[in-house]
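Novice: Sharing data-v6.pdb (PDB, C-alpha atoms and all ligand atoms) below.
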```
ATOM      1  CA  MET A 754      22.867  -3.176 -71.398
ATOM      2  CA  GLU A 755      20.124  -4.238 -68.979
ATOM      3  CA  LYS A 756      16.366  -3.746 -69.249
ATOM      4  CA  ARG A 757      14.992  -1.705 -66.328
ATOM      5  CA  GLU A 758      11.563  -0.368 -65.276
ATOM      6  CA  GLU A 759       8.591   0.444 -67.517
ATOM      7  CA  LEU A 760       8.517   4.220 -67.978
ATOM      8  CA  TYR A 761       5.365   4.562 -70.050
ATOM      9  CA  ARG A 762       2.613   2.355 -71.421
ATOM     10  CA  GLY A 763       1.135   3.848 -74.595
ATOM     11  CA  LYS A 764      -1.754   2.502 -76.641
ATOM     12  CA  ALA A 765       0.399   0.145 -78.714
ATOM     13  CA  LYS A 766       3.898   0.153 -77.221
ATOM     14  CA  SER A 767       5.519   0.079 -73.809
ATOM     15  CA  VAL A 768       8.691   2.033 -73.131
ATOM     16  CA  PHE A 769      11.365   0.642 -70.788
ATOM     17  CA  ALA A 770      14.397   2.325 -69.273
ATOM     18  CA  THR A 771      17.771   0.606 -69.626
ATOM     19  CA  SER A 772      21.082   0.718 -67.780
ATOM     20  CA  ASP A 773      22.257   3.121 -70.530
ATOM     21  CA  GLU A 774      20.705   6.533 -69.886
ATOM     22  CA  ASP A 775      20.795   7.301 -73.640
ATOM     23  CA  ARG A 776      18.850   4.168 -74.649
ATOM     24  CA  LEU A 777      15.298   2.858 -74.238
ATOM     25  CA  ILE A 778      13.597  -0.378 -75.153
ATOM     26  CA  LEU A 779      10.367  -0.126 -77.172
ATOM     27  CA  TYR A 780       8.115  -3.162 -76.669
ATOM     28  CA  PHE A 781       5.598  -3.528 -79.519
ATOM     29  CA  ARG A 782       2.371  -5.028 -78.128
ATOM     30  CA  ASN A 783      -0.492  -6.692 -79.998
ATOM     31  CA  ASP A 784      -2.939  -3.994 -78.820
ATOM     32  CA  THR A 785      -4.586  -2.142 -81.680
ATOM     33  CA  SER A 786      -6.627   0.940 -80.905
ATOM     34  CA  MET A 787      -8.854   3.347 -82.752
ATOM     35  CA  LYS A 788     -10.682   6.565 -81.905
ATOM     36  CA  ASP A 789      -7.905   7.656 -79.539
ATOM     37  CA  GLY A 790      -8.088   4.477 -77.480
ATOM     38  CA  GLU A 791     -11.901   4.107 -77.332
ATOM     39  CA  LYS A 792     -11.735   0.723 -79.036
ATOM     40  CA  ILE A 793      -8.832  -1.647 -78.312
ATOM     41  CA  GLU A 794      -8.334  -5.184 -79.604
ATOM     42  CA  GLN A 795      -5.545  -7.738 -79.475
ATOM     43  CA  LEU A 796      -4.347  -8.827 -82.910
ATOM     44  CA  GLU A 797      -2.167 -11.902 -82.771
ATOM     45  CA  ARG A 798       1.422 -11.346 -84.062
ATOM     46  CA  LYS A 799       0.843  -7.626 -84.736
ATOM     47  CA  GLY A 800       3.485  -6.509 -82.227
ATOM     48  CA  GLU A 801       6.121  -8.765 -83.731
ATOM     49  CA  ILE A 802       5.320  -7.733 -87.311
ATOM     50  CA  ASN A 803       5.408  -4.014 -86.463
ATOM     51  CA  ASN A 804       8.674  -4.379 -84.528
ATOM     52  CA  ARG A 805      10.381  -6.066 -87.490
ATOM     53  CA  PHE A 806       8.721  -3.756 -90.024
ATOM     54  CA  ASN A 807       9.808  -0.669 -88.095
ATOM     55  CA  ALA A 808      13.387  -1.943 -87.734
ATOM     56  CA  PHE A 809      13.573  -2.570 -91.497
ATOM     57  CA  ILE A 810      12.194   0.861 -92.447
ATOM     58  CA  MET A 811      14.253   2.793 -89.881
ATOM     59  CA  GLN A 812      17.424   1.124 -91.165
ATOM     60  CA  LYS A 813      16.545   1.972 -94.774
ATOM     61  CA  LEU A 814      15.940   5.585 -93.738
ATOM     62  CA  GLU A 815      19.188   5.770 -91.760
ATOM     63  CA  GLU A 816      21.108   4.436 -94.806
ATOM     64  CA  ALA A 817      19.462   7.144 -96.914
ATOM     65  CA  GLY A 818      20.656   9.875 -94.538
ATOM     66  CA  ILE A 819      17.703  10.373 -92.146
ATOM     67  CA  PRO A 820      18.770  10.633 -88.478
ATOM     68  CA  THR A 821      16.681   7.977 -86.675
ATOM     69  CA  GLN A 822      16.279   6.616 -83.156
ATOM     70  CA  PHE A 823      17.025   3.063 -84.257
ATOM     71  CA  ASP A 824      19.787   1.116 -82.519
ATOM     72  CA  THR A 825      19.158  -2.668 -82.610
ATOM     73  CA  LEU A 826      16.460  -5.287 -82.949
ATOM     74  CA  LEU A 827      16.559  -6.918 -79.504
ATOM     75  CA  SER A 828      13.893  -9.663 -79.645
ATOM     76  CA  THR A 829      10.684 -10.550 -81.489
ATOM     77  CA  ASN A 830       8.762  -7.668 -79.903
ATOM     78  CA  GLU A 831      11.524  -5.327 -78.706
ATOM     79  CA  SER A 832      13.951  -2.813 -80.180
ATOM     80  CA  VAL A 833      16.639  -0.687 -78.572
ATOM     81  CA  VAL A 834      16.321   2.983 -79.536
ATOM     82  CA  LYS A 835      17.931   6.283 -78.669
ATOM     83  CA  LYS A 836      16.143   7.998 -75.795
ATOM     84  CA  LEU A 837      14.606  11.137 -77.260
ATOM     85  CA  LYS A 838      12.886  14.103 -75.681
ATOM     86  CA  MET A 839       9.737  13.756 -77.761
ATOM     87  CA  ILE A 840       8.124  16.773 -79.433
ATOM     88  CA  PRO A 841       4.331  16.399 -78.895
ATOM     89  CA  LEU A 842       3.468  16.816 -82.589
ATOM     90  CA  GLU A 843       2.587  14.439 -85.408
ATOM     91  CA  CYS A 844       3.850  15.233 -88.892
ATOM     92  CA  VAL A 845       1.623  13.795 -91.615
ATOM     93  CA  ILE A 846       2.214  13.624 -95.355
ATOM     94  CA  ARG A 847      -0.584  12.722 -97.726
ATOM     95  CA  ASN A 848       0.109  11.647-101.303
ATOM     96  CA  TYR A 849      -3.515  10.609-101.910
ATOM     97  CA  ALA A 850      -6.686  11.745-100.113
ATOM     98  CA  ALA A 851      -7.910   9.388 -97.373
ATOM     99  CA  GLY A 852      -9.097   9.295 -93.757
ATOM    100  CA  GLY A 853      -9.357  12.617 -91.986
ATOM    101  CA  LEU A 854      -8.853  14.683 -95.138
ATOM    102  CA  VAL A 855     -11.774  12.938 -96.850
ATOM    103  CA  ARG A 856     -13.959  13.475 -93.769
ATOM    104  CA  ARG A 857     -13.029  17.137 -93.297
ATOM    105  CA  LEU A 858     -13.160  18.314 -96.914
ATOM    106  CA  GLU A 859     -15.480  15.744 -98.499
ATOM    107  CA  ALA A 860     -12.609  14.926-100.839
ATOM    108  CA  LYS A 861     -12.869  11.784-102.936
ATOM    109  CA  GLU A 862     -10.805   8.977-101.413
ATOM    110  CA  GLY A 863      -7.803   8.191-103.620
ATOM    111  CA  THR A 864      -7.510  11.620-105.268
ATOM    112  CA  LYS A 865      -3.832  12.240-106.020
ATOM    113  CA  LEU A 866      -2.509  15.258-104.136
ATOM    114  CA  THR A 867       0.047  17.309-106.065
ATOM    115  CA  PRO A 868       2.203  18.441-104.411
ATOM    116  CA  PRO A 869       1.854  16.127-101.384
ATOM    117  CA  VAL A 870       0.052  17.707 -98.431
ATOM    118  CA  PHE A 871       1.900  18.284 -95.145
ATOM    119  CA  GLU A 872      -0.154  18.549 -91.941
ATOM    120  CA  LEU A 873       0.630  18.993 -88.255
ATOM    121  CA  PHE A 874      -1.396  17.483 -85.418
ATOM    122  CA  LEU A 875      -1.086  17.946 -81.674
ATOM    123  CA  LYS A 876      -0.509  14.663 -79.829
ATOM    124  CA  ASN A 877      -3.378  14.843 -77.342
ATOM    125  CA  ASP A 878      -5.898  11.992 -77.088
ATOM    126  CA  LYS A 879      -8.283  13.992 -74.876
ATOM    127  CA  LEU A 880      -8.597  16.590 -77.666
ATOM    128  CA  HIS A 881      -8.571  13.833 -80.348
ATOM    129  CA  ASP A 882      -5.221  14.924 -81.850
ATOM    130  CA  PRO A 883      -6.465  18.222 -83.359
ATOM    131  CA  VAL A 884      -5.020  19.666 -86.565
ATOM    132  CA  ILE A 885      -2.803  22.632 -85.755
ATOM    133  CA  ASN A 886      -0.275  24.669 -87.735
ATOM    134  CA  GLU A 887       3.283  25.899 -87.315
ATOM    135  CA  SER A 888       2.398  29.272 -85.842
ATOM    136  CA  ILE A 889       0.227  27.621 -83.166
ATOM    137  CA  ALA A 890       3.052  25.163 -82.380
ATOM    138  CA  VAL A 891       5.580  27.996 -81.991
ATOM    139  CA  ALA A 892       3.222  30.229 -79.976
ATOM    140  CA  PHE A 893       2.565  27.449 -77.437
ATOM    141  CA  GLY A 894       6.250  26.499 -77.277
ATOM    142  CA  TRP A 895       5.780  22.922 -78.546
ATOM    143  CA  ALA A 896       8.630  23.420 -81.039
ATOM    144  CA  THR A 897      10.743  26.275 -82.389
ATOM    145  CA  GLN A 898      10.408  27.476 -85.984
ATOM    146  CA  ASP A 899      13.866  26.007 -86.735
ATOM    147  CA  GLN A 900      12.806  22.630 -85.341
ATOM    148  CA  LEU A 901       9.571  22.711 -87.377
ATOM    149  CA  ASN A 902      11.498  23.564 -90.538
ATOM    150  CA  ARG A 903      13.769  20.581 -89.952
ATOM    151  CA  MET A 904      10.844  18.247 -89.143
ATOM    152  CA  ARG A 905       9.030  19.285 -92.328
ATOM    153  CA  GLU A 906      12.189  18.883 -94.434
ATOM    154  CA  LEU A 907      12.887  15.416 -92.965
ATOM    155  CA  THR A 908       9.245  14.319 -93.406
ATOM    156  CA  PHE A 909       9.336  15.228 -97.133
ATOM    157  CA  HIS A 910      12.691  13.466 -97.495
ATOM    158  CA  VAL A 911      11.238  10.331 -95.818
ATOM    159  CA  ASN A 912       8.290  10.555 -98.231
ATOM    160  CA  ASP A 913      10.643  10.556-101.250
ATOM    161  CA  ILE A 914      12.621   7.576 -99.947
ATOM    162  CA  LEU A 915       9.609   5.490 -98.924
ATOM    163  CA  THR A 916       7.413   6.306-101.934
ATOM    164  CA  LYS A 917      10.138   4.738-104.128
ATOM    165  CA  LEU A 918      10.688   1.776-101.800
ATOM    166  CA  PHE A 919       6.954   0.937-101.628
ATOM    167  CA  ASP A 920       6.477   1.538-105.353
ATOM    168  CA  LYS A 921       9.112  -1.121-106.123
ATOM    169  CA  ALA A 922       7.067  -3.513-103.958
ATOM    170  CA  GLY A 923       3.882  -2.737-105.929
ATOM    171  CA  LEU A 924       2.448  -0.527-103.180
ATOM    172  CA  LEU A 925       1.134   3.030-102.964
ATOM    173  CA  LEU A 926       2.248   5.053 -99.967
ATOM    174  CA  VAL A 927      -1.035   6.948 -99.458
ATOM    175  CA  ASP A 928      -0.181   8.780 -96.231
ATOM    176  CA  PHE A 929       1.812   8.382 -93.010
ATOM    177  CA  LYS A 930       2.558   9.949 -89.634
ATOM    178  CA  LEU A 931       5.979  10.633 -88.118
ATOM    179  CA  GLU A 932       7.038  11.749 -84.658
ATOM    180  CA  PHE A 933      10.318  13.452 -83.864
ATOM    181  CA  GLY A 934      12.344  14.107 -80.728
ATOM    182  CA  LEU A 935      15.568  15.700 -79.621
ATOM    183  CA  TYR A 936      18.754  13.704 -79.048
ATOM    184  CA  HIS A 937      21.568  15.853 -77.644
ATOM    185  CA  GLY A 938      19.930  18.859 -79.334
ATOM    186  CA  GLU A 939      19.447  17.248 -82.766
ATOM    187  CA  ILE A 940      16.039  16.487 -84.354
ATOM    188  CA  VAL A 941      15.793  12.716 -84.764
ATOM    189  CA  LEU A 942      12.997  10.496 -86.132
ATOM    190  CA  GLY A 943      11.354   8.579 -83.260
ATOM    191  CA  ASP A 944       8.370   6.361 -82.473
ATOM    192  CA  GLU A 945       7.643   3.938 -85.337
ATOM    193  CA  PHE A 946       6.901   3.520 -89.005
ATOM    194  CA  SER A 947       4.480   0.651 -89.546
ATOM    195  CA  PRO A 948       1.072  -0.049 -91.132
ATOM    196  CA  ASP A 949      -0.441   1.209 -87.831
ATOM    197  CA  GLY A 950       0.539   4.789 -88.731
ATOM    198  CA  SER A 951       0.431   4.766 -92.501
ATOM    199  CA  ARG A 952      -1.874   3.888 -95.376
ATOM    200  CA  LEU A 953      -0.579   1.374 -97.901
ATOM    201  CA  TRP A 954      -2.585   0.212-100.889
ATOM    202  CA  ASP A 955      -1.891  -2.334-103.593
ATOM    203  CA  LYS A 956      -0.840  -0.289-106.630
ATOM    204  CA  GLU A 957      -3.071  -2.131-109.100
ATOM    205  CA  THR A 958      -6.201  -3.034-107.114
ATOM    206  CA  ARG A 959      -5.937  -0.333-104.401
ATOM    207  CA  LYS A 960      -6.655  -3.017-101.800
ATOM    208  CA  LYS A 961      -5.997  -1.603 -98.316
ATOM    209  CA  LEU A 962      -3.197  -3.362 -96.478
ATOM    210  CA  ASP A 963      -2.901  -1.150 -93.388
ATOM    211  CA  LYS A 964      -4.731  -0.228 -90.176
ATOM    212  CA  ASP A 965      -7.803   0.913 -92.151
ATOM    213  CA  ARG A 966      -8.659  -2.815 -92.321
ATOM    214  CA  PHE A 967      -9.129  -2.575 -88.530
ATOM    215  CA  ARG A 968     -10.761   0.885 -88.513
ATOM    216  CA  GLN A 969     -13.263  -0.188 -91.173
ATOM    217  CA  GLY A 970     -13.825  -3.735 -89.843
ATOM    218  CA  LEU A 971     -12.572  -5.304 -93.090
ATOM    219  CA  GLY A 972     -10.840  -8.254 -91.360
ATOM    220  CA  GLY A 973      -7.479  -9.714 -92.365
ATOM    221  CA  VAL A 974      -5.607  -6.914 -90.587
ATOM    222  CA  VAL A 975      -2.399  -8.738 -89.643
ATOM    223  CA  GLU A 976      -2.568 -10.636 -92.956
ATOM    224  CA  GLY A 977      -2.426  -7.237 -94.711
ATOM    225  CA  TYR A 978       0.602  -6.187 -92.638
ATOM    226  CA  ILE A 979       2.328  -9.493 -93.419
ATOM    227  CA  GLU A 980       1.675  -9.091 -97.135
ATOM    228  CA  VAL A 981       3.272  -5.640 -97.131
ATOM    229  CA  ALA A 982       6.249  -6.912 -95.111
ATOM    230  CA  GLN A 983       6.789  -9.860 -97.448
ATOM    231  CA  ARG A 984       6.591  -7.703-100.572
ATOM    232  CA  LEU A 985       9.212  -5.359 -99.109
ATOM    233  CA  GLY A 986      11.458  -8.249 -98.095
ATOM    234  CA  VAL A 987      11.213  -7.618 -94.340
ATOM    235  CA  PRO A 988      12.620 -10.743 -92.611
ATOM    236  CA  LEU A 989       9.750 -12.167 -90.508
TER     237      LEU A 989
HETATM  238  P1  LIG B   1       0.066   7.336 -80.191
HETATM  239  O1  LIG B   1      -0.577   5.981 -80.387
HETATM  240  O2  LIG B   1      -0.829   8.489 -80.529
HETATM  241  O3  LIG B   1       1.453   7.462 -80.782
HETATM  242  P2  LIG B   1       0.730   6.483 -77.583
HETATM  243  O4  LIG B   1       1.435   7.280 -76.538
HETATM  244  O5  LIG B   1      -0.411   5.696 -77.111
HETATM  245  O6  LIG B   1       0.269   7.524 -78.635
HETATM  246  P3  LIG B   1       2.545   4.294 -78.225
HETATM  247  O7  LIG B   1       3.179   4.027 -79.519
HETATM  248  O8  LIG B   1       1.732   3.222 -77.626
HETATM  249  O9  LIG B   1       1.751   5.645 -78.441
HETATM  250  O10 LIG B   1       3.607   4.699 -77.116
HETATM  251  C1  LIG B   1       4.904   4.934 -77.390
HETATM  252  C2  LIG B   1       5.317   6.211 -76.673
HETATM  253  O11 LIG B   1       6.738   6.293 -76.700
HETATM  254  C3  LIG B   1       4.796   7.473 -77.361
HETATM  255  O12 LIG B   1       4.406   8.407 -76.381
HETATM  256  C4  LIG B   1       6.019   7.986 -78.130
HETATM  257  O13 LIG B   1       5.978   9.385 -78.301
HETATM  258  C5  LIG B   1       7.158   7.550 -77.214
HETATM  259  N1  LIG B   1       8.423   7.312 -77.919
HETATM  260  C6  LIG B   1       8.590   6.716 -79.112
HETATM  261  N2  LIG B   1       9.881   6.653 -79.471
HETATM  262  C7  LIG B   1      10.580   7.239 -78.459
HETATM  263  C8  LIG B   1      11.978   7.486 -78.247
HETATM  264  N3  LIG B   1      12.881   7.118 -79.142
HETATM  265  N4  LIG B   1      12.327   8.130 -77.100
HETATM  266  C9  LIG B   1      11.383   8.505 -76.192
HETATM  267  N5  LIG B   1      10.058   8.282 -76.342
HETATM  268  C10 LIG B   1       9.650   7.656 -77.461
HETATM  269  P1  LIG B   2      -5.662  10.912 -90.702
HETATM  270  O1  LIG B   2      -6.324  10.582 -91.989
HETATM  271  O2  LIG B   2      -5.536  12.360 -90.373
HETATM  272  O3  LIG B   2      -6.416  10.308 -89.475
HETATM  273  P2  LIG B   2      -7.334   9.020 -89.260
HETATM  274  O4  LIG B   2      -6.359   7.930 -88.974
HETATM  275  O5  LIG B   2      -8.122   9.426 -88.054
HETATM  276  O6  LIG B   2      -8.187   8.788 -90.436
HETATM  277  O7  LIG B   2      -4.223  10.236 -90.630
HETATM  278  C1  LIG B   2      -3.288  10.334 -91.657
HETATM  279  C2  LIG B   2      -2.244   9.258 -91.485
HETATM  280  O8  LIG B   2      -1.472   9.472 -90.312
HETATM  281  C3  LIG B   2      -2.830   7.857 -91.342
HETATM  282  O9  LIG B   2      -1.979   6.925 -92.019
HETATM  283  C4  LIG B   2      -2.807   7.578 -89.874
HETATM  284  C5  LIG B   2      -1.651   8.428 -89.382
HETATM  285  N1  LIG B   2      -1.902   8.999 -88.050
HETATM  286  C6  LIG B   2      -1.610   8.260 -86.921
HETATM  287  O10 LIG B   2      -1.124   7.121 -87.018
HETATM  288  N2  LIG B   2      -1.847   8.795 -85.690
HETATM  289  C7  LIG B   2      -2.367  10.035 -85.534
HETATM  290  O11 LIG B   2      -2.571  10.483 -84.382
HETATM  291  C8  LIG B   2      -2.655  10.805 -86.716
HETATM  292  C9  LIG B   2      -3.240  12.186 -86.608
HETATM  293  C10 LIG B   2      -2.409  10.255 -87.940
END
```
Taking this structure as input, can you express it in the form of C-alpha cells?
Specialist:
Amino acid sequence: MEKREELYRGKAKSVFATSDEDRLILYFRNDTSMKDGEKIEQLERKGEINNRFNAFIMQKLEEAGIPTQFDTLLSTNESVVKKLKMIPLECVIRNYAAGGLVRRLEAKEGTKLTPPVFELFLKNDKLHDPVINESIAVAFGWATQDQLNRMRELTFHVNDILTKLFDKAGLLLVDFKLEFGLYHGEIVLGDEFSPDGSRLWDKETRKKLDKDRFRQGLGGVVEGYIEVAQRLGVPL
C-alpha cells in the first residue's frame, strides 16, 4: 500500500489517500487548537503521543466488540484506517460536569452525572459546533434515526469499556467526543480517541491530564498526555 496525495488538512490531523481505495492514512500533527481554530500552537511530541494513544484505545475497543476504523500503526505519527464517509456530528458523553455543560448551565465542575449525559453537536467550526438534537439531525438529513440509534448505543458501550479501563489506571473518564462514519453501509467509529477530545482526571487528586491544560493555560500539556499513556500501558 502506497501513500498518495493529501486529501484534507484538519486542525490537528492530515488525511492522505492511499493506493487502496478503502484505506486512508491519518497523520497526527503537533498542532493544538482551541476556540474552533482561533488559537493554534505546536506542542512537541503531541502528534506522536496521540497517534500511539489512539491506536491503543481503538484496538482495545475493537477487541471489546466496537467496530472501529483502525487498521495499523504505520509510523510514529501515522496510522492506516478504513476510509469512512464521515457523519458530520460529534457524539459526547459526560460522566461528570465540565467544560461546555458548566458554562451553559452554571453546573459545578466535577458534579457526577447519573445517568451519564449524551449530547450531539454539529461539526461546523463557523457556527462553533452548536449543540443539536436527534430530530434536528434527521430533519436536515445529517443522519437517519437508525444511524443515530446505533451511534448512541455504540457511544454508551465505549463509555462502559473505557470508564473501566481508565479506572484501573487511576483515572476518571470525565467526558469524551466520538465521530462516526459509514464503511460499506455500516456505522464505524472514526477520527480519534485521545486526550485532545476527552477529559481525564487523576482519580484521587482530580488533576487534569487532558487538553484542558492547554485551554486553561495550565502548562505541562504533553506531560499530562504522557502520564495518562504511561498509566494505561500505551507503548511510547
Ligand atoms: P475537529 O478538530 O473538530 O475534529 P478537524 O476537521 O479540524 O475537526 P482533524 O482531526 O484535524 O479535525 O481532521 C481530521 C479529519 O479527518 C476530520 O474531518 C475527520 O472527520 C476526518 N476523519 C477522521 N477519521 C476518518 C476516517 N476514518 N475516514 C475519513 N475521514 C476521517
Ligand atoms: P464540551 O465541554 O462540550 O466543549 P469544550 O471543549 O468547548 O469545553 O466538550 C465535551 C468533550 O468533548 C470534551 O472532552 C471535548 C470534546 N469535544 C471535542 O473534542 N470537540 C468538539 O467539537 C466538542 C463539541 C467536544
Novice: Skipping near chain neighbours, those fewer than 4 positions away, what residues fall within 10 Å of segment 915-921 of chain A using only C-alpha atoms, listed as a ChimeraX atom specification?
Specialist: /A:810,813-814,848,909-911,925-928,953-956,981,984-985
Novice: Show which residues sit within 7 Å of Arg805 of chain A, as a short mmCIF file (atom, residue, chain, number, x, y, z; two decimals) with C-alpha atoms, keeping the file's coordinate frame. Count only C-alpha atoms, and ignore same-chain residues fewer than 4 positions away.
Specialist:
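Dumped to result12.cif:
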```cif
data_model
loop_
_atom_site.label_atom_id
_atom_site.label_comp_id
_atom_site.auth_asym_id
_atom_site.auth_seq_id
_atom_site.Cartn_x
_atom_site.Cartn_y
_atom_site.Cartn_z
CA GLU A 801 6.12 -8.76 -83.73
CA PHE A 809 13.57 -2.57 -91.50
CA LEU A 989 9.75 -12.17 -90.51
#
```
Novice: Which residues are near ligand LIG 1 (chain B) in this structure, taking near to mean any atom at most 10 Å from a ligand atom and counting only C-alpha atoms and all ligand atoms? Format them as a VMD selection string.
Specialist: chain A and resid 760 to 770 775 to 782 784 to 787 789 to 790 821 to 824 833 to 843 875 to 878 881 to 882 930 to 936 941 to 945 949 to 950
Novice: State, in Å with one decimal place, the distance from atom O9 of ligand LIG 2 (chain B) to atom CA of Gln795 of chain A.
Specialist: 19.6 Å
Novice: Could you check how far atom CA of Leu866 of chain A sits from atom O2 of ligand LIG 2 (chain B), in Å to one decimal?
Specialist: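 Atom-to-atom, atom CA of Leu866 of chain A to atom O2 of ligand LIG 2 (chain B), that is 14.4 Å.
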Novice: Could you tell me which of A:Lys961, A:Lys799, A:Lys788, A:Arg903 comes closest to ligand LIG 2 (chain B) if we count all atoms listed in the file?
Specialist: A:Lys788
Novice: Output as a PDB file, in the frame of the given file: segment 776-798 of chain A, completed with N, CA and C atoms.
Specialist:
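Saved as out_31.pdb:
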```pdb
ATOM      1  N   ARG A 776      19.588   5.180 -73.879  1.00  0.00           N
ATOM      2  CA  ARG A 776      18.850   4.168 -74.649  1.00  0.00           C
ATOM      3  C   ARG A 776      17.584   3.741 -73.928  1.00  0.00           C
ATOM      4  N   LEU A 777      16.558   3.390 -74.745  1.00  0.00           N
ATOM      5  CA  LEU A 777      15.298   2.858 -74.238  1.00  0.00           C
ATOM      6  C   LEU A 777      15.014   1.569 -74.975  1.00  0.00           C
ATOM      7  N   ILE A 778      14.108   0.780 -74.417  1.00  0.00           N
ATOM      8  CA  ILE A 778      13.597  -0.378 -75.153  1.00  0.00           C
ATOM      9  C   ILE A 778      12.125  -0.106 -75.468  1.00  0.00           C
ATOM     10  N   LEU A 779      11.778  -0.218 -76.766  1.00  0.00           N
ATOM     11  CA  LEU A 779      10.367  -0.126 -77.172  1.00  0.00           C
ATOM     12  C   LEU A 779       9.847  -1.549 -77.288  1.00  0.00           C
ATOM     13  N   TYR A 780       8.761  -1.850 -76.595  1.00  0.00           N
ATOM     14  CA  TYR A 780       8.115  -3.162 -76.669  1.00  0.00           C
ATOM     15  C   TYR A 780       6.824  -2.989 -77.467  1.00  0.00           C
ATOM     16  N   PHE A 781       6.769  -3.632 -78.623  1.00  0.00           N
ATOM     17  CA  PHE A 781       5.598  -3.528 -79.519  1.00  0.00           C
ATOM     18  C   PHE A 781       4.566  -4.570 -79.101  1.00  0.00           C
ATOM     19  N   ARG A 782       3.412  -4.106 -78.590  1.00  0.00           N
ATOM     20  CA  ARG A 782       2.371  -5.028 -78.128  1.00  0.00           C
ATOM     21  C   ARG A 782       1.391  -5.362 -79.267  1.00  0.00           C
ATOM     22  N   ASN A 783       0.512  -6.328 -78.986  1.00  0.00           N
ATOM     23  CA  ASN A 783      -0.492  -6.692 -79.998  1.00  0.00           C
ATOM     24  C   ASN A 783      -1.708  -5.773 -79.963  1.00  0.00           C
ATOM     25  N   ASP A 784      -1.783  -4.894 -78.947  1.00  0.00           N
ATOM     26  CA  ASP A 784      -2.939  -3.994 -78.820  1.00  0.00           C
ATOM     27  C   ASP A 784      -3.065  -3.117 -80.056  1.00  0.00           C
ATOM     28  N   THR A 785      -4.298  -2.993 -80.529  1.00  0.00           N
ATOM     29  CA  THR A 785      -4.586  -2.142 -81.680  1.00  0.00           C
ATOM     30  C   THR A 785      -5.774  -1.277 -81.293  1.00  0.00           C
ATOM     31  N   SER A 786      -5.577   0.047 -81.386  1.00  0.00           N
ATOM     32  CA  SER A 786      -6.627   0.940 -80.905  1.00  0.00           C
ATOM     33  C   SER A 786      -7.142   1.821 -82.031  1.00  0.00           C
ATOM     34  N   MET A 787      -8.354   2.316 -81.843  1.00  0.00           N
ATOM     35  CA  MET A 787      -8.854   3.347 -82.752  1.00  0.00           C
ATOM     36  C   MET A 787      -9.655   4.358 -81.956  1.00  0.00           C
ATOM     37  N   LYS A 788      -9.967   5.477 -82.574  1.00  0.00           N
ATOM     38  CA  LYS A 788     -10.682   6.565 -81.905  1.00  0.00           C
ATOM     39  C   LYS A 788      -9.989   6.922 -80.595  1.00  0.00           C
ATOM     40  N   ASP A 789      -8.684   7.201 -80.678  1.00  0.00           N
ATOM     41  CA  ASP A 789      -7.905   7.656 -79.539  1.00  0.00           C
ATOM     42  C   ASP A 789      -8.046   6.739 -78.319  1.00  0.00           C
ATOM     43  N   GLY A 790      -8.095   5.431 -78.575  1.00  0.00           N
ATOM     44  CA  GLY A 790      -8.088   4.477 -77.480  1.00  0.00           C
ATOM     45  C   GLY A 790      -9.472   4.016 -77.036  1.00  0.00           C
ATOM     46  N   GLU A 791     -10.536   4.512 -77.688  1.00  0.00           N
ATOM     47  CA  GLU A 791     -11.901   4.107 -77.332  1.00  0.00           C
ATOM     48  C   GLU A 791     -12.115   2.615 -77.583  1.00  0.00           C
ATOM     49  N   LYS A 792     -11.605   2.146 -78.713  1.00  0.00           N
ATOM     50  CA  LYS A 792     -11.735   0.723 -79.036  1.00  0.00           C
ATOM     51  C   LYS A 792     -10.338   0.106 -79.077  1.00  0.00           C
ATOM     52  N   ILE A 793     -10.138  -0.965 -78.312  1.00  0.00           N
ATOM     53  CA  ILE A 793      -8.832  -1.647 -78.312  1.00  0.00           C
ATOM     54  C   ILE A 793      -9.049  -3.140 -78.503  1.00  0.00           C
ATOM     55  N   GLU A 794      -8.273  -3.736 -79.398  1.00  0.00           N
ATOM     56  CA  GLU A 794      -8.334  -5.184 -79.604  1.00  0.00           C
ATOM     57  C   GLU A 794      -6.929  -5.744 -79.681  1.00  0.00           C
ATOM     58  N   GLN A 795      -6.823  -7.032 -79.357  1.00  0.00           N
ATOM     59  CA  GLN A 795      -5.545  -7.738 -79.475  1.00  0.00           C
ATOM     60  C   GLN A 795      -5.511  -8.402 -80.847  1.00  0.00           C
ATOM     61  N   LEU A 796      -4.476  -8.146 -81.621  1.00  0.00           N
ATOM     62  CA  LEU A 796      -4.347  -8.827 -82.910  1.00  0.00           C
ATOM     63  C   LEU A 796      -3.081  -9.671 -82.859  1.00  0.00           C
ATOM     64  N   GLU A 797      -3.279 -10.979 -82.913  1.00  0.00           N
ATOM     65  CA  GLU A 797      -2.167 -11.902 -82.771  1.00  0.00           C
ATOM     66  C   GLU A 797      -1.054 -11.625 -83.782  1.00  0.00           C
ATOM     67  N   ARG A 798       0.176 -11.554 -83.291  1.00  0.00           N
ATOM     68  CA  ARG A 798       1.422 -11.346 -84.062  1.00  0.00           C
ATOM     69  C   ARG A 798       1.644  -9.891 -84.506  1.00  0.00           C
TER      70      ARG A 798
END
```
